[in-house]
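See structure below.
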Amino acid sequence: MSPLAPFKHDTFRTIWVASLASNFGGLIQAVGAAWLMTSISQSVNMVALVQASTSLPIMLFSLISGALADNFDRRRIMLVAQGFMLGVSALLTLSAYFGLVTPWLLLIFTFLIGCGTALNNPAWQASVGDMVPRDQLPAAVALNSMGFNITRSVGPAIGGAIVAAAGAAAAFAANTLSYFAILFALFRWRPAVQEKLLPRETLGRAVSAGFRYVAMSPNIGKVLLRGFSFGISASALLALLPLVARDLVAGGPLTYGILLGAFGLGAIGGALLSARLRERLSSETIVRSAFAGFALSAIVTAFSTVAWLTSLVLVVSGACWVLALSLFNTTVQLSTPRWVVGRALSLYQTATFGGIAGGSWLWGFAAEEYGAANALIGSCLLMLSGIAIGLRLPLPKFKSLNLDPLNRFNEPLLALDLKPRSGPIVVMIDYEIEEADIPDFLSTMAERRRIRIRDGAGHWALMRDLENPTIWTETYHVPTWVEYVRHNQRRTQADAAVGDRLTALHRGDNPPRVHRMIERQTIVPGHYERYKRPVEMH
């Protein structure tokens with residue numbers, strides 16, 4: 001499949017092009033903010049905190065943003081986020097123009113822009129799966145990375161030229177104008193609205209459901225760990241690049257822009273090569289190579305005193321950056337059904353950008369104490385440890401899992417007049433298992449337990465009848481009837497094999513017996529009338 005296949009879809013192509021303009025302005029703003037901090041503060045740590053202040057909101061608020069992206073109109077969320085960043089950027093431009101920016105005020109502005117990014121990113125990344133077919137998702141993710149890095153290859157250099165010629169306020173003004181393209185594209189987009197048959201989850205329940213799904217998904221857990229380790233080690237190179245430009249190669253803002261441009265140029269190459277590399281190499285091999293390439297770039301940058309050599313190795317690190325992060329992103333999306341993809345992506349971003357934010361502070365502190373070159377050497381050693389993690393926890397291979405809804409569940413007819421919030425609900429399922437099939441049954445039930453808890457069940461247990469040992473009973477709780485229905489509707493086509501295997505192991509004359517019950521409290525004398533109605537949670 002061509003790596004450019006997603007461009008055949010009008011919506012993806014239009015928003016991708018508009019994102020180029022927005023990313024272009026964002027990178028110009030980043031150059032202006034980083035260089036402005038070197039001008040108004042002598043603290044090396046404050047320079048590194050510019051990147052940390054942008055990454056920290058993504059770590060703090062992405063999960064809430066992911067829950068919003070899974071429960072509300074993603075287009076509207078992106079419109080709000082882009083409008084908010086437009087307003088903050090306009091205020092930053094005015095503050096810089098009138099000379100009101102202090103180091104801490106600059107960090108506040110970049111933090112607020114990071115908040116807008118945290119709100120926008122899960123909705124945008126989750127929307128990619130709505131714009132292109134599932135088999136084109138890896139190519140679309142790579143194209144998104146390539147689009148950002150096309151602007152990275154020229155935007156920083158132009159940003160450096162703007163800062164050198166007209167000051168940081170001009171760079172901030174360029175970023176402010178860049179938001180209009182993406183806002184216009186989002187206003188024109190009219191995504192198909194899917195009818196929601198169940199009431200929207202509360203924010204707290206949606207957040208906990210996202211945590212639970214990721215915690216019970218081993219493949220996603222591996223991605224989170226590797227993303228964090230990559231972020232915390234690779235962040236050194238970008239966080240300290242203004243100091244590399246100023247101190248190690250004795251340049252100015254234009255040199256800084258050129259170095260960032262070299263990084264972006266490498267990232268474009270990495271995006272174009274990613275599809276071919278995924279066909280020939282395993283995910284783990286690509287990620288280990290990315291860690292190794294970044295380590296090489298860091299060590300050469302630490303000892304280089306000439307801009308051309310530093311630029312050359314930054315091309316390598318740029319390719320490694322996009323290969324690793326696009327592969328992490330794609331693995332999460334291909335391992336997650338649509339109902340929770342925003343939350344899964346947000347947790348991935350929390351891990352990765354948490355590593356970037358923590359690493360930016362760590363390497364900034366190290367550079368202040370020991371110098372930028374020694375900090376880069378330290379980050380090189382940490383990157384090598386990221387390779388060692390892969391020996392114990394390798395990334396999963398790409399699988400073509402069918403994560404579409406299973407749609408086998410039909411809401412049963414009930415004799416009681418339950419309300420959606422009636423509960424708690426207890427479910428018991430009886431199986432008849434022959435002695436010879438017990439080992440297979442138990443191993444299959446272990447997978448069934450993971451799926452049940454992942455999809456919202458609690459208090460899961462498996463019990464064996466002492467008087468009739470062939471009878472096994474699976475039991476679990478859900479808080480309300482609507483959550484029971486939601487739990488069953490979350491089952492995917494890929495989960496069907498587990499249920500089918502359990503049905504095949506059941507030896508009874510009839511299918512496994514399902515008991516659905518509502519918990520009752522003991523009745524206080526004189527208060528029977530209270531319990532004629534179903535118990536409801538409030």
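Letters A, B, ... mark the chains of the structure tokens in the order given; residue numbers begin at 1 per chain; ligand numbers begin at 1, in order shown.
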Using only C-alpha atoms, determine which residues lie at most 10 Å from stretch 486-496 of chain A, disregarding the query and same-chain residues fewer than 2 positions distant; provide the list as number ranges by chain.
A: 197-199, 201, 336-340, 400-411, 447-448, 451-457, 478, 480-484, 498-501
Sorted by chain and rising residue number, list the residues of stretch 388-427 of chain A at most 10 Å from stretch 276-290 of chain A (counting only C-alpha atoms), each with its closest atom pair and distance in Å to one decimal, as CSV.
```
residue,atom,partner,partner_atom,distance
A:Ala388,CA,A:Arg288,CA,8.7
A:Ile389,CA,A:Arg288,CA,9.5
A:Gly390,CA,A:Glu284,CA,7.0
A:Leu391,CA,A:Glu284,CA,9.1
A:Leu393,CA,A:Glu284,CA,9.3
A:Pro394,CA,A:Glu284,CA,5.8
A:Leu395,CA,A:Glu284,CA,5.3
A:Pro396,CA,A:Ser283,CA,7.0
A:Lys397,CA,A:Ser283,CA,6.0
A:Phe398,CA,A:Ser283,CA,7.5
```
Could you write out the selected residues, including all heavy atoms, as a compact mmCIF listing (two decimals), in the first residue's frame?
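Result saved to part.txt:
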```
# COMPACT_ATOMS: atom_id res chain seq x y z
N ALA A 388 17.76 -1.85 26.47
CA ALA A 388 17.76 -3.00 27.37
C ALA A 388 16.34 -3.37 27.81
O ALA A 388 16.02 -4.55 27.99
CB ALA A 388 18.64 -2.71 28.58
N ILE A 389 15.47 -2.36 27.98
CA ILE A 389 14.08 -2.65 28.38
C ILE A 389 13.40 -3.53 27.35
O ILE A 389 12.62 -4.43 27.68
CB ILE A 389 13.29 -1.34 28.57
CG1 ILE A 389 13.84 -0.55 29.77
CG2 ILE A 389 11.81 -1.61 28.78
CD1 ILE A 389 13.21 0.81 29.94
N GLY A 390 13.74 -3.30 26.08
CA GLY A 390 13.12 -4.08 25.01
C GLY A 390 13.49 -5.54 25.04
O GLY A 390 12.78 -6.39 24.47
N LEU A 391 14.61 -5.90 25.68
CA LEU A 391 14.98 -7.30 25.79
C LEU A 391 14.00 -8.07 26.67
O LEU A 391 13.77 -9.26 26.48
CB LEU A 391 16.41 -7.43 26.35
CG LEU A 391 17.51 -6.77 25.51
CD1 LEU A 391 18.84 -6.88 26.23
CD2 LEU A 391 17.59 -7.42 24.13
N LEU A 393 10.75 -6.56 27.67
CA LEU A 393 9.38 -6.20 27.32
C LEU A 393 9.32 -5.70 25.88
O LEU A 393 9.14 -4.51 25.61
CB LEU A 393 8.87 -5.11 28.27
CG LEU A 393 8.73 -5.50 29.75
CD1 LEU A 393 8.42 -4.27 30.59
CD2 LEU A 393 7.66 -6.56 29.93
N PRO A 394 9.48 -6.60 24.91
CA PRO A 394 9.44 -6.17 23.51
C PRO A 394 8.05 -5.72 23.09
O PRO A 394 7.04 -6.18 23.64
CB PRO A 394 9.87 -7.44 22.75
CG PRO A 394 9.46 -8.56 23.65
CD PRO A 394 9.66 -8.05 25.05
N LEU A 395 8.01 -4.81 22.13
CA LEU A 395 6.72 -4.36 21.61
C LEU A 395 6.03 -5.48 20.83
O LEU A 395 6.71 -6.32 20.23
CB LEU A 395 6.92 -3.16 20.68
CG LEU A 395 7.28 -1.82 21.34
CD1 LEU A 395 7.41 -0.76 20.26
CD2 LEU A 395 6.23 -1.40 22.34
N PRO A 396 4.70 -5.49 20.83
CA PRO A 396 3.99 -6.53 20.08
C PRO A 396 4.13 -6.30 18.58
O PRO A 396 4.33 -5.19 18.12
CB PRO A 396 2.54 -6.36 20.54
CG PRO A 396 2.44 -4.91 20.92
CD PRO A 396 3.78 -4.56 21.51
N LYS A 397 3.98 -7.39 17.83
CA LYS A 397 3.95 -7.27 16.38
C LYS A 397 2.60 -6.71 15.95
O LYS A 397 1.60 -6.86 16.64
CB LYS A 397 4.17 -8.63 15.73
CG LYS A 397 5.54 -9.22 16.03
CD LYS A 397 5.70 -10.58 15.36
CE LYS A 397 7.07 -11.18 15.67
NZ LYS A 397 7.24 -12.52 15.04
N PHE A 398 2.59 -6.03 14.80
CA PHE A 398 1.32 -5.53 14.28
C PHE A 398 0.39 -6.70 13.97
O PHE A 398 0.80 -7.67 13.35
CB PHE A 398 1.55 -4.71 13.00
CG PHE A 398 1.95 -3.29 13.26
CD1 PHE A 398 3.10 -2.78 12.69
CD2 PHE A 398 1.19 -2.48 14.07
CE1 PHE A 398 3.48 -1.48 12.92
CE2 PHE A 398 1.56 -1.17 14.30
CZ PHE A 398 2.70 -0.68 13.74
```
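For the choices A:Ser55, A:Phe61, A:Lys8, A:Ala67, the atom-to-atom distance to A:Arg343 is smallest for A:Ala67 when using only C-alpha atoms.
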Distance query stretch 128-138 of chain A at most 10 Å, only C-alpha atoms, self and fewer than 5 positions along chain excluded, as a ChimeraX atom specification
/A:1-13,123,143-144,191-192,274-275,278,326-327,329-331,333-334,338,341,400,402
Would you export the selected residues with C-alpha atoms as a PDB file, in the first residue's frame, please?
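Just written: again-v4.pdb:
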```pdb
ATOM      1  CA  MET A   1       0.000   0.000   0.000  1.00  0.00           C
ATOM      2  CA  SER A   2       1.276   3.457  -0.880  1.00  0.00           C
ATOM      3  CA  PRO A   3       2.309   5.602   2.115  1.00  0.00           C
ATOM      4  CA  LEU A   4       0.314   8.439   0.474  1.00  0.00           C
ATOM      5  CA  ALA A   5      -2.964   6.460   0.208  1.00  0.00           C
ATOM      6  CA  PRO A   6      -4.766   8.462   2.977  1.00  0.00           C
ATOM      7  CA  PHE A   7      -4.533  11.585   0.778  1.00  0.00           C
ATOM      8  CA  LYS A   8      -7.264  10.074  -1.409  1.00  0.00           C
ATOM      9  CA  HIS A   9      -9.745  10.996   1.323  1.00  0.00           C
ATOM     10  CA  ASP A  10     -10.825  14.651   1.028  1.00  0.00           C
ATOM     11  CA  THR A  11     -11.368  15.295   4.736  1.00  0.00           C
ATOM     12  CA  PHE A  12      -7.998  13.912   5.768  1.00  0.00           C
ATOM     13  CA  ARG A  13      -6.225  15.796   2.995  1.00  0.00           C
ATOM     14  CA  ALA A 123      -9.636  14.451  19.642  1.00  0.00           C
ATOM     15  CA  LEU A 143       1.701  11.265   7.329  1.00  0.00           C
ATOM     16  CA  ASN A 144       0.642  13.304  10.346  1.00  0.00           C
ATOM     17  CA  PRO A 191     -18.343  14.241  10.162  1.00  0.00           C
ATOM     18  CA  ALA A 192     -21.005  11.560  10.250  1.00  0.00           C
ATOM     19  CA  SER A 274       8.316   3.997   8.004  1.00  0.00           C
ATOM     20  CA  ALA A 275       5.928   1.907   5.871  1.00  0.00           C
ATOM     21  CA  ARG A 278       7.461  -1.923   9.022  1.00  0.00           C
ATOM     22  CA  SER A 326       4.528   7.096  15.020  1.00  0.00           C
ATOM     23  CA  LEU A 327       5.001   3.393  15.706  1.00  0.00           C
ATOM     24  CA  ASN A 329       0.868   5.805  18.250  1.00  0.00           C
ATOM     25  CA  THR A 330      -0.111   3.272  15.601  1.00  0.00           C
ATOM     26  CA  THR A 331       0.287   0.329  17.988  1.00  0.00           C
ATOM     27  CA  GLN A 333      -4.683   2.748  17.812  1.00  0.00           C
ATOM     28  CA  LEU A 334      -4.580  -0.757  16.329  1.00  0.00           C
ATOM     29  CA  ARG A 338     -13.221   3.105  18.830  1.00  0.00           C
ATOM     30  CA  VAL A 341      -9.370   5.101  21.545  1.00  0.00           C
ATOM     31  CA  SER A 400      -4.944  -7.224  12.122  1.00  0.00           C
ATOM     32  CA  ASN A 402     -10.967  -6.895  14.292  1.00  0.00           C
TER      33      ASN A 402
END
```
Distance query stretch 84-86 of chain A at most 9 Å, only C-alpha atoms, self and fewer than 2 positions along chain excluded, as a ChimeraX atom specification
/A:79-82,88-91,112-117,175-180
May I have a table of the residues of stretch 431-463 of chain A lying at most 8 Å from stretch 507-521 of chain A, giving each one's closest pair of atoms and their distance in Å to one decimal, counting only C-alpha atoms, ordered by chain and ascending residue number, as CSV?
```
residue,atom,partner,partner_atom,distance
A:Tyr431,CA,A:Pro512,CA,5.3
A:Glu432,CA,A:Arg507,CA,5.4
A:Ile433,CA,A:Arg507,CA,6.0
A:Glu434,CA,A:Arg507,CA,7.1
```
For those residues, write C-alpha atoms to a file as a JSON list (two decimals), in the first residue's frame.
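Writing done, so here's part.json:
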```
[["chain", "number", "residue", "atom", "x", "y", "z"],
["A", 431, "TYR", "CA", -20.93, -23.90, 32.93],
["A", 432, "GLU", "CA", -20.78, -27.68, 32.99],
["A", 433, "ILE", "CA", -17.16, -28.73, 32.47],
["A", 434, "GLU", "CA", -15.73, -32.25, 32.25]]
```
Once DSSP has gone over the backbone, tell me which residues of stretch 128-270 of chain A are in helix (DSSP H, G or I), as JSON, numbers by chain.
{"A": [128, 129, 130, 131, 134, 135, 136, 137, 138, 139, 140, 141, 142, 143, 144, 145, 146, 147, 148, 149, 150, 151, 152, 153, 154, 155, 156, 157, 158, 159, 160, 161, 162, 163, 164, 165, 166, 168, 169, 170, 171, 172, 173, 174, 175, 176, 177, 178, 179, 180, 181, 182, 183, 184, 185, 186, 187, 188, 203, 204, 205, 206, 207, 208, 209, 210, 211, 212, 213, 214, 215, 218, 219, 220, 221, 222, 223, 224, 225, 226, 227, 228, 229, 230, 231, 232, 233, 234, 235, 236, 237, 238, 239, 241, 242, 243, 244, 245, 246, 247, 248, 253, 254, 255, 256, 257, 258, 259, 260, 261, 262, 263, 264, 265, 266, 267, 268, 269, 270]}
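What separates atom CA of A:Leu376 from atom CA of A:Phe111 is a distance of 24.9 Å.
When only C-alpha atoms are used to compute distances to A:Ala173, the closest of the residues A:Ser95, A:Thr202, A:Ser311, A:Ser379 turns out to be A:Ser95.
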Shell of 6 Å around stretch 157-169 of chain A, only C-alpha atoms, local chain residues under 3 positions omitted, as a list in words:
Ile28, Val31, Gly32, Thr93, Ala96, Tyr97, Val154, Phe172, Pro253, Leu254, Gly257, Ile258 and Gly261 of chain A
Write a file of the selected residues as a compact mmCIF listing (two decimals), in the first residue's frame, keeping C-alpha atoms.
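What ended up in result.txt:
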```txt
# COMPACT_ATOMS: atom_id res chain seq x y z
CA ILE A 28 7.93 29.65 14.79
CA VAL A 31 11.73 29.29 18.38
CA GLY A 32 10.64 32.74 19.52
CA THR A 93 2.07 38.66 20.97
CA ALA A 96 5.98 40.71 23.84
CA TYR A 97 5.36 43.73 21.60
CA VAL A 154 11.85 24.87 7.43
CA PHE A 172 4.30 35.10 18.12
CA PRO A 253 18.85 32.33 16.60
CA LEU A 254 19.32 31.55 12.90
CA GLY A 257 16.51 27.43 13.54
CA ILE A 258 18.81 25.61 11.10
CA GLY A 261 15.31 22.33 10.54
```
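Using only C-alpha atoms, the shortest contact distance between A:Val249 and any of A:Thr310, A:Ser217, A:Asn71, A:Ser346 is found at A:Thr310.
If only C-alpha atoms are the atoms counted, then among A:Phe228, A:Trp189, A:Trp104, A:Trp363 the closest residue to A:Met78 is A:Trp189.
Distance annotation: of A:Leu183, A:Val322, A:Ala139, A:Leu238, the residue with the minimal separation from A:Ala48 is A:Leu238; atom set is only C-alpha atoms.
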Who sits within 9 Å of stretch 64-66 of chain A, only C-alpha atoms, same chain under 6 positions skipped, as a PyMOL selection string:
chain A and resi 77+118-123+126+203-204+206-207+210+340-347
Could those residues be written to a file, using C-alpha atoms, as an mmCIF file, in the first residue's frame?
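Listing of out15.cif after writing:
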```
data_model
loop_
_atom_site.group_PDB
_atom_site.id
_atom_site.type_symbol
_atom_site.label_atom_id
_atom_site.label_comp_id
_atom_site.auth_asym_id
_atom_site.auth_seq_id
_atom_site.Cartn_x
_atom_site.Cartn_y
_atom_site.Cartn_z
ATOM 1 C CA ILE A 77 -13.541 19.913 20.933
ATOM 2 C CA ALA A 118 -3.615 18.740 25.455
ATOM 3 C CA LEU A 119 -7.308 19.312 24.698
ATOM 4 C CA ASN A 120 -6.832 19.145 20.930
ATOM 5 C CA ASN A 121 -4.505 16.165 20.463
ATOM 6 C CA PRO A 122 -6.645 13.206 21.657
ATOM 7 C CA ALA A 123 -9.636 14.451 19.642
ATOM 8 C CA ALA A 126 -8.832 9.720 17.498
ATOM 9 C CA LEU A 203 -16.463 12.278 33.272
ATOM 10 C CA GLY A 204 -15.274 10.394 36.350
ATOM 11 C CA ALA A 206 -15.186 7.688 31.632
ATOM 12 C CA VAL A 207 -11.734 8.446 33.046
ATOM 13 C CA GLY A 210 -9.930 4.494 30.278
ATOM 14 C CA VAL A 340 -11.999 4.102 24.122
ATOM 15 C CA VAL A 341 -9.370 5.101 21.545
ATOM 16 C CA GLY A 342 -9.256 8.743 22.700
ATOM 17 C CA ARG A 343 -8.527 7.704 26.282
ATOM 18 C CA ALA A 344 -5.925 5.126 25.260
ATOM 19 C CA LEU A 345 -4.141 7.698 23.087
ATOM 20 C CA SER A 346 -4.328 10.257 25.884
ATOM 21 C CA LEU A 347 -2.660 7.847 28.324
#
```
Close residues, A:Pro479 itself excluded, 7 Å, only C-alpha atoms, min 6 positions apart in chain, as an MDAnalysis selection string:
chainID A and resid 423:425
Could you turn the residues from that selection into a file that holds C-alpha atoms, as a compact mmCIF listing (two decimals), in the first residue's frame?
```
# COMPACT_ATOMS: atom_id res chain seq x y z
CA GLY A 423 -28.40 -1.49 40.51
CA PRO A 424 -26.05 -2.91 41.55
CA ILE A 425 -26.41 -5.75 39.05
```
Selected residue, from A:Leu106, A:Leu92, A:Val485, A:Phe441, that lies nearest to A:Arg421 when counting only C-alpha atoms:
A:Val485
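Atom CA of A:Asn45 to atom CA of A:Tyr370 spans 11.8 Å [interatomic distance, one decimal].
The spacing separating atom CA of A:Ser43 from atom CA of A:Trp321 amounts to 27.6 Å.
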